[in-house]
Structures are given as structure tokens and as C-alpha cells.
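Undergrad: What follows is my_file-v6.pdb; its format and atoms are PDB, C-alpha atoms.
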ATOM      1  CA  MET A   2       0.000   0.000   0.000  1.00  0.00           C
ATOM      2  CA  LYS A   3       1.397   3.364  -0.973  1.00  0.00           C
ATOM      3  CA  TRP A   4       1.783   6.274   1.394  1.00  0.00           C
ATOM      4  CA  LEU A   5      -1.065   8.202  -0.286  1.00  0.00           C
ATOM      5  CA  ASP A   6      -3.399   5.207   0.068  1.00  0.00           C
ATOM      6  CA  TRP A   7      -2.605   5.017   3.811  1.00  0.00           C
ATOM      7  CA  CYS A   8      -3.437   8.710   4.165  1.00  0.00           C
ATOM      8  CA  ARG A   9      -6.755   8.265   2.395  1.00  0.00           C
ATOM      9  CA  TYR A  10      -7.540   5.215   4.551  1.00  0.00           C
ATOM     10  CA  GLY A  11      -6.654   7.114   7.748  1.00  0.00           C
ATOM     11  CA  LEU A  12      -8.742  10.103   6.716  1.00  0.00           C
ATOM     12  CA  ALA A  13     -11.732   7.869   5.947  1.00  0.00           C
ATOM     13  CA  VAL A  14     -11.452   6.176   9.375  1.00  0.00           C
ATOM     14  CA  MET A  15     -11.259   9.556  11.145  1.00  0.00           C
ATOM     15  CA  LEU A  16     -14.280  10.898   9.239  1.00  0.00           C
ATOM     16  CA  LEU A  17     -16.288   7.774   9.986  1.00  0.00           C
ATOM     17  CA  ALA A  18     -15.380   7.952  13.685  1.00  0.00           C
ATOM     18  CA  GLY A  19     -16.413  11.600  13.787  1.00  0.00           C
ATOM     19  CA  LEU A  20     -19.749  10.853  12.158  1.00  0.00           C
ATOM     20  CA  ILE A  21     -20.456   7.998  14.556  1.00  0.00           C
ATOM     21  CA  SER A  22     -19.614  10.047  17.657  1.00  0.00           C
ATOM     22  CA  GLY A  23     -21.663  12.989  16.342  1.00  0.00           C
ATOM     23  CA  VAL A  24     -24.706  10.806  15.799  1.00  0.00           C
ATOM     24  CA  ALA A  25     -24.350   9.224  19.248  1.00  0.00           C
ATOM     25  CA  ALA A  26     -24.269  12.660  20.877  1.00  0.00           C
ATOM     26  CA  GLN A  27     -27.539  13.775  19.281  1.00  0.00           C
ATOM     27  CA  PRO A  28     -30.782  13.616  21.319  1.00  0.00           C
ATOM     28  CA  ASP A  29     -33.386  11.046  20.340  1.00  0.00           C
ATOM     29  CA  SER A  30     -35.774  12.040  17.570  1.00  0.00           C
ATOM     30  CA  GLY A  31     -38.462  13.083  20.029  1.00  0.00           C
ATOM     31  CA  GLY A  32     -36.138  15.602  21.673  1.00  0.00           C
ATOM     32  CA  ILE A  33     -37.717  15.485  25.121  1.00  0.00           C
ATOM     33  CA  GLN A  34     -39.633  12.928  27.104  1.00  0.00           C
ATOM     34  CA  ARG A  35     -43.262  14.035  26.907  1.00  0.00           C
ATOM     35  CA  TYR A  36     -44.887  11.575  29.314  1.00  0.00           C
ATOM     36  CA  PRO A  37     -44.043   9.657  32.462  1.00  0.00           C
ATOM     37  CA  ASP A  38     -43.680   5.894  32.179  1.00  0.00           C
ATOM     38  CA  VAL A  39     -45.397   3.464  34.526  1.00  0.00           C
ATOM     39  CA  VAL A  40     -42.656   0.973  35.411  1.00  0.00           C
ATOM     40  CA  ALA A  41     -44.345  -1.204  38.069  1.00  0.00           C
ATOM     41  CA  VAL A  42     -47.758  -1.800  39.632  1.00  0.00           C
ATOM     42  CA  LYS A  43     -48.594  -3.829  42.735  1.00  0.00           C
ATOM     43  CA  VAL A  44     -52.283  -4.661  43.273  1.00  0.00           C
ATOM     44  CA  THR A  45     -53.754  -5.806  46.575  1.00  0.00           C
ATOM     45  CA  PRO A  46     -57.392  -6.936  46.914  1.00  0.00           C
ATOM     46  CA  ARG A  47     -59.232  -5.134  49.674  1.00  0.00           C
ATOM     47  CA  GLY A  48     -62.619  -6.893  49.443  1.00  0.00           C
ATOM     48  CA  GLY A  49     -65.981  -5.721  48.189  1.00  0.00           C
ATOM     49  CA  ASN A  50     -64.733  -5.023  44.619  1.00  0.00           C
ATOM     50  CA  ARG A  51     -62.067  -2.656  45.961  1.00  0.00           C
ATOM     51  CA  PHE A  52     -58.343  -2.817  45.273  1.00  0.00           C
ATOM     52  CA  ASP A  53     -55.247  -0.951  46.455  1.00  0.00           C
ATOM     53  CA  PHE A  54     -52.548   0.069  43.953  1.00  0.00           C
ATOM     54  CA  ASP A  55     -48.879   0.902  44.505  1.00  0.00           C
ATOM     55  CA  VAL A  56     -47.683   2.531  41.270  1.00  0.00           C
ATOM     56  CA  THR A  57     -44.070   3.270  40.337  1.00  0.00           C
ATOM     57  CA  LEU A  58     -43.550   6.067  37.796  1.00  0.00           C
ATOM     58  CA  SER A  59     -40.438   7.264  36.009  1.00  0.00           C
ATOM     59  CA  SER A  60     -40.300  10.848  34.783  1.00  0.00           C
ATOM     60  CA  ARG A  61     -36.617  11.699  34.441  1.00  0.00           C
ATOM     61  CA  TYR A  62     -37.483  15.207  33.269  1.00  0.00           C
ATOM     62  CA  ASP A  63     -39.222  16.184  36.557  1.00  0.00           C
ATOM     63  CA  SER A  64     -38.717  19.772  37.702  1.00  0.00           C
ATOM     64  CA  PRO A  65     -40.881  22.225  39.651  1.00  0.00           C
ATOM     65  CA  GLU A  66     -42.079  23.633  36.304  1.00  0.00           C
ATOM     66  CA  ARG A  67     -43.023  20.322  34.644  1.00  0.00           C
ATOM     67  CA  TYR A  68     -43.566  16.925  36.179  1.00  0.00           C
ATOM     68  CA  ALA A  69     -45.678  13.768  36.338  1.00  0.00           C
ATOM     69  CA  ASP A  70     -48.775  15.144  38.040  1.00  0.00           C
ATOM     70  CA  ALA A  71     -51.144  12.138  38.129  1.00  0.00           C
ATOM     71  CA  PHE A  72     -51.814   8.526  37.253  1.00  0.00           C
ATOM     72  CA  ARG A  73     -55.042   6.654  36.632  1.00  0.00           C
ATOM     73  CA  VAL A  74     -56.453   3.135  36.692  1.00  0.00           C
ATOM     74  CA  MET A  75     -58.524   2.213  33.616  1.00  0.00           C
ATOM     75  CA  THR A  76     -60.647  -0.667  32.371  1.00  0.00           C
ATOM     76  CA  PRO A  77     -59.453  -2.559  29.261  1.00  0.00           C
ATOM     77  CA  ASP A  78     -61.717  -0.360  27.114  1.00  0.00           C
ATOM     78  CA  GLY A  79     -60.170   2.863  28.480  1.00  0.00           C
ATOM     79  CA  LYS A  80     -62.770   3.930  31.071  1.00  0.00           C
ATOM     80  CA  SER A  81     -61.077   5.717  33.973  1.00  0.00           C
ATOM     81  CA  LEU A  82     -61.929   4.124  37.324  1.00  0.00           C
ATOM     82  CA  SER A  83     -59.840   6.325  39.620  1.00  0.00           C
ATOM     83  CA  GLU A  84     -57.064   8.908  39.523  1.00  0.00           C
ATOM     84  CA  ARG A  85     -54.315   9.968  41.924  1.00  0.00           C
ATOM     85  CA  ILE A  86     -53.251  13.611  41.669  1.00  0.00           C
ATOM     86  CA  LEU A  87     -49.585  14.394  42.440  1.00  0.00           C
ATOM     87  CA  TRP A  88     -49.152  17.950  43.681  1.00  0.00           C
ATOM     88  CA  HIS A  89     -45.393  18.435  43.294  1.00  0.00           C
ATOM     89  CA  ASP A  90     -42.384  17.228  41.314  1.00  0.00           C
ATOM     90  CA  HIS A  91     -40.273  14.211  42.240  1.00  0.00           C
ATOM     91  CA  ALA A  92     -37.022  15.388  40.641  1.00  0.00           C
ATOM     92  CA  GLY A  93     -34.881  14.045  43.492  1.00  0.00           C
ATOM     93  CA  GLU A  94     -36.727  10.722  43.673  1.00  0.00           C
ATOM     94  CA  GLN A  95     -36.664   8.777  40.387  1.00  0.00           C
ATOM     95  CA  PRO A  96     -38.387   6.453  39.876  1.00  0.00           C
ATOM     96  CA  PHE A  97     -40.965   7.048  42.617  1.00  0.00           C
ATOM     97  CA  THR A  98     -43.882   5.034  44.028  1.00  0.00           C
ATOM     98  CA  ARG A  99     -47.236   6.371  45.189  1.00  0.00           C
ATOM     99  CA  ASP A 100     -50.406   4.619  46.275  1.00  0.00           C
ATOM    100  CA  LEU A 101     -54.035   4.767  45.293  1.00  0.00           C
ATOM    101  CA  TYR A 102     -56.259   2.898  47.744  1.00  0.00           C
ATOM    102  CA  GLY A 103     -59.846   1.733  47.655  1.00  0.00           C
ATOM    103  CA  VAL A 104     -60.398   1.718  43.881  1.00  0.00           C
ATOM    104  CA  THR A 105     -63.813   0.175  43.151  1.00  0.00           C
ATOM    105  CA  ILE A 106     -63.666  -2.055  40.074  1.00  0.00           C
ATOM    106  CA  PRO A 107     -66.748  -3.663  38.478  1.00  0.00           C
ATOM    107  CA  PRO A 108     -66.875  -7.423  39.165  1.00  0.00           C
ATOM    108  CA  GLN A 109     -66.684  -8.399  35.469  1.00  0.00           C
ATOM    109  CA  VAL A 110     -63.306  -6.648  34.986  1.00  0.00           C
ATOM    110  CA  GLY A 111     -60.319  -8.969  35.422  1.00  0.00           C
ATOM    111  CA  ARG A 112     -57.488  -6.712  34.222  1.00  0.00           C
ATOM    112  CA  VAL A 113     -56.778  -2.985  34.410  1.00  0.00           C
ATOM    113  CA  THR A 114     -54.281  -0.598  32.835  1.00  0.00           C
ATOM    114  CA  VAL A 115     -52.359   2.073  34.758  1.00  0.00           C
ATOM    115  CA  GLN A 116     -51.248   5.207  32.901  1.00  0.00           C
ATOM    116  CA  GLY A 117     -49.279   8.304  33.961  1.00  0.00           C
ATOM    117  CA  ARG A 118     -49.975  11.961  33.194  1.00  0.00           C
ATOM    118  CA  ASP A 119     -47.610  14.823  32.462  1.00  0.00           C
ATOM    119  CA  ARG A 120     -48.487  18.292  33.765  1.00  0.00           C
ATOM    120  CA  GLU A 121     -47.999  19.856  30.322  1.00  0.00           C
ATOM    121  CA  PHE A 122     -48.788  17.108  27.790  1.00  0.00           C
ATOM    122  CA  GLY A 123     -51.476  15.061  29.573  1.00  0.00           C
ATOM    123  CA  TYR A 124     -51.849  11.283  29.656  1.00  0.00           C
ATOM    124  CA  GLY A 125     -49.430   9.075  27.729  1.00  0.00           C
ATOM    125  CA  GLY A 126     -46.201   7.136  28.013  1.00  0.00           C
ATOM    126  CA  ARG A 127     -45.612   3.491  28.859  1.00  0.00           C
ATOM    127  CA  THR A 128     -48.573   1.835  30.572  1.00  0.00           C
ATOM    128  CA  VAL A 129     -48.749  -1.343  32.639  1.00  0.00           C
ATOM    129  CA  GLU A 130     -51.619  -3.804  32.401  1.00  0.00           C
ATOM    130  CA  VAL A 131     -52.160  -5.953  35.500  1.00  0.00           C
ATOM    131  CA  ALA A 132     -54.408  -8.867  36.373  1.00  0.00           C
ATOM    132  CA  LEU A 133     -56.593  -8.327  39.426  1.00  0.00           C
ATOM    133  CA  PRO A 134     -55.878 -10.956  42.106  1.00  0.00           C
ATOM    134  CA  GLY A 135     -58.750 -13.406  42.422  1.00  0.00           C
ATOM    135  CA  ARG A 136     -60.463 -12.129  39.265  1.00  0.00           C
ATOM    136  CA  TYR A 137     -58.480 -13.012  36.177  1.00  0.00           C
ATOM    137  CA  ARG A 138     -58.661 -16.556  34.808  1.00  0.00           C
ATOM    138  CA  GLN A 139     -56.980 -17.578  31.564  1.00  0.00           C
ATOM    139  CA  PRO A 140     -59.456 -19.630  29.477  1.00  0.00           C
ATOM    140  CA  LYS A 141     -58.501 -23.184  28.548  1.00  0.00           C
ATOM    141  CA  ASN A 142     -58.052 -22.224  24.892  1.00  0.00           C
ATOM    142  CA  GLY A 143     -55.522 -19.534  25.960  1.00  0.00           C
ATOM    143  CA  ARG A 144     -57.497 -16.698  24.346  1.00  0.00           C
ATOM    144  CA  LEU A 145     -59.854 -14.074  25.665  1.00  0.00           C
ATOM    145  CA  ASP A 146     -62.749 -12.943  23.532  1.00  0.00           C
ATOM    146  CA  ALA A 147     -62.814  -9.630  25.406  1.00  0.00           C
ATOM    147  CA  PRO A 148     -59.350  -8.952  26.888  1.00  0.00           C
ATOM    148  CA  GLY A 149     -59.541  -8.071  30.564  1.00  0.00           C
ATOM    149  CA  LEU A 150     -63.041  -9.392  31.056  1.00  0.00           C
ATOM    150  CA  LEU A 151     -63.731 -12.627  32.857  1.00  0.00           C
ATOM    151  CA  PRO A 152     -64.637 -15.404  30.441  1.00  0.00           C
ATOM    152  CA  ALA A 153     -68.185 -16.739  30.580  1.00  0.00           C
ATOM    153  CA  ASN A 154     -68.526 -20.072  32.374  1.00  0.00           C
TER
END
The structure in this file should be written as C-alpha cells.

TA:
Amino acid sequence: MKWLDWCRYGLAVMLLAGLISGVAAQPDSGGIQRYPDVVAVKVTPRGGNRFDFDVTLSSRYDSPERYADAFRVMTPDGKSLSERILWHDHAGEQPFTRDLYGVTIPPQVGRVTVQGRDREFGYGGRTVEVALPGRYRQPKNGRLDAPGLLPAN
């Protein structure tokens, strides 16, 4: 390999390395995280169609100006059953867990979805679907005709 070829090769490697490091330093295409993510949900039956929820949210962007300000428990078809309002940011506590106790859930519902809300952008982000203890039974065929609803006997 001639000296000039080595120079071209070296220049190409340096340019490629610069491009790769420049791309890696760029923010993701969305720019900012718009919604909090639900990362964990613990459900405890309380009796009488009521359940207690311990919900863990992650909102890395939290500040006093913008933060995860609520979460809700919903039926499989999106009907909100209950909501917990969060009155301040959790910037120094990420992820964070808060409770929502005594949520009344109709007896035919076997699964619920928990979703977080951003103070500025509203509801969105990663949700978690959970089976309600003592309610959800997987049918023998492994499929549900109406996801989240108890199968007919």
C-alpha cells in the first residue's frame, strides 16, 4: 500500500469515527420525554370489589415547572376508574412510588391498565396492564374474547 493510500484510509477512518460520535451525541428524535412511564404496579385486593394500587412512575425530566402530576387506573376499554393527583415534582426521587387505595372495580373486569400523566402534555407514556388478584382466569383455549373481562362459564 502506498503512502497516499494510507493517508486516504486514515482520513476515511477519522471521518467515519467523527460521524459515529456525532450521531451518538444527538438527542433522540423526540427531543424530550413528553410523558411519564409506569414501570411497576402492585395490586392488593381489599374486598368488596375494591383494590389498592402501589404505582411506580419514572419521569426523568421532573422539575418544579413540569412533572408527572397524576396517574389513573382504567378498564381494558379505556374507562377511567380512579385517579391519583400528584401535587409536586419528584425530581430528586426517580423512579418514585405512590399509592391509590380503595379503587372500586366492576366485578366483570379482570385486568386494568395504569397510565401516567404529564403536567404539560397530559396522559401518555408506557402503561402497565395488570391482572386483578382473584379475578383473572386464563381460558382453557388460551385466548380471551374480550381482553380483561372474565370469560363466561

Undergrad: Mind checking which residues fall within 7 Å of stretch 97-100 of chain A, counting all atoms listed in the file, ignoring those fewer than 6 positions away in the same chain, and posting them as number ranges by chain?

TA: A: 54-59

Undergrad: Quick one: apply the PyMOL selection byres ((chain A and resi 128) around 7) to the file and drop the selected residues here as an NGL selection string.

TA: :A and (38-39 or 114-116 or 126-127 or 129-130)

Undergrad: Would you pick out the contacts of A:Phe122 at 12 Å or less, using only C-alpha atoms, so that residues sharing its chain but fewer than 6 positions from it are not included, and give the list as a PyMOL selection string?

TA: chain A and resi 33-37+67-71

Undergrad: Please report the interatomic distance between atom CA of A:Tyr102 and atom CA of A:Arg51 in Å with one decimal.

TA: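 Distance between the two atoms: 8.2 Å.
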
Undergrad: To one decimal place, how far is atom CA of A:Pro107 from atom CA of A:Gly135 in Å?

TA: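 Atom-to-atom, atom CA of A:Pro107 and atom CA of A:Gly135 are spaced 13.2 Å apart.
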
Undergrad: Starting from the shown file, work through the PyMOL selection byres ((chain A and resi 73) around 9) and note down what comes out as number ranges by chain.

TA: A: 71-72, 74-75, 81-86, 101, 114-118, 124

Undergrad: Can I get the selected residues back with C-alpha atoms, as a PDB file, in the frame of the given file?

TA:
ATOM      1  CA  ALA A  71     -51.144  12.138  38.129  1.00  0.00           C
ATOM      2  CA  PHE A  72     -51.814   8.526  37.253  1.00  0.00           C
ATOM      3  CA  VAL A  74     -56.453   3.135  36.692  1.00  0.00           C
ATOM      4  CA  MET A  75     -58.524   2.213  33.616  1.00  0.00           C
ATOM      5  CA  SER A  81     -61.077   5.717  33.973  1.00  0.00           C
ATOM      6  CA  LEU A  82     -61.929   4.124  37.324  1.00  0.00           C
ATOM      7  CA  SER A  83     -59.840   6.325  39.620  1.00  0.00           C
ATOM      8  CA  GLU A  84     -57.064   8.908  39.523  1.00  0.00           C
ATOM      9  CA  ARG A  85     -54.315   9.968  41.924  1.00  0.00           C
ATOM     10  CA  ILE A  86     -53.251  13.611  41.669  1.00  0.00           C
ATOM     11  CA  LEU A 101     -54.035   4.767  45.293  1.00  0.00           C
ATOM     12  CA  THR A 114     -54.281  -0.598  32.835  1.00  0.00           C
ATOM     13  CA  VAL A 115     -52.359   2.073  34.758  1.00  0.00           C
ATOM     14  CA  GLN A 116     -51.248   5.207  32.901  1.00  0.00           C
ATOM     15  CA  GLY A 117     -49.279   8.304  33.961  1.00  0.00           C
ATOM     16  CA  ARG A 118     -49.975  11.961  33.194  1.00  0.00           C
ATOM     17  CA  TYR A 124     -51.849  11.283  29.656  1.00  0.00           C
TER      18      TYR A 124
END

Undergrad: Have a look at A:Glu66, A:Asp90, A:Val42, A:Gly49 and name the one nearest to A:Glu121; count all atoms listed in the file.

TA: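 That would be A:Glu66, the residue with the smallest distance to A:Glu121.
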
Undergrad: So what do you get for atom CA of A:Gly123 versus atom CA of A:Asp78, distance-wise?

TA: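 Interatomic distance here is 18.7 Å.
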
Undergrad: Taking all atoms listed in the file into account, which of A:Pro134, A:Ile106, A:Ala41, A:Pro46 comes nearest A:Thr76?

TA: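 Of A:Pro134, A:Ile106, A:Ala41, A:Pro46, the one nearest A:Thr76, counting all atoms listed in the file, is A:Ile106.
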
Undergrad: Which one is closest to A:Asp53: A:Gly103, A:Gly125, A:Ala92, A:Gly79? Count only C-alpha atoms.

TA: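 Result for the nearest residue to A:Asp53: A:Gly103.
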
Undergrad: Exactly which residues make up the result of the PyMOL selection byres ((chain A and resi 108) around 9) on this file, given as a list in words?

TA: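 On this input, the PyMOL selection byres ((chain A and resi 108) around 9) captures Asn50, Ile106, Pro107, Gln109, Val110, Gly111, Arg136 and Leu151 of chain A.
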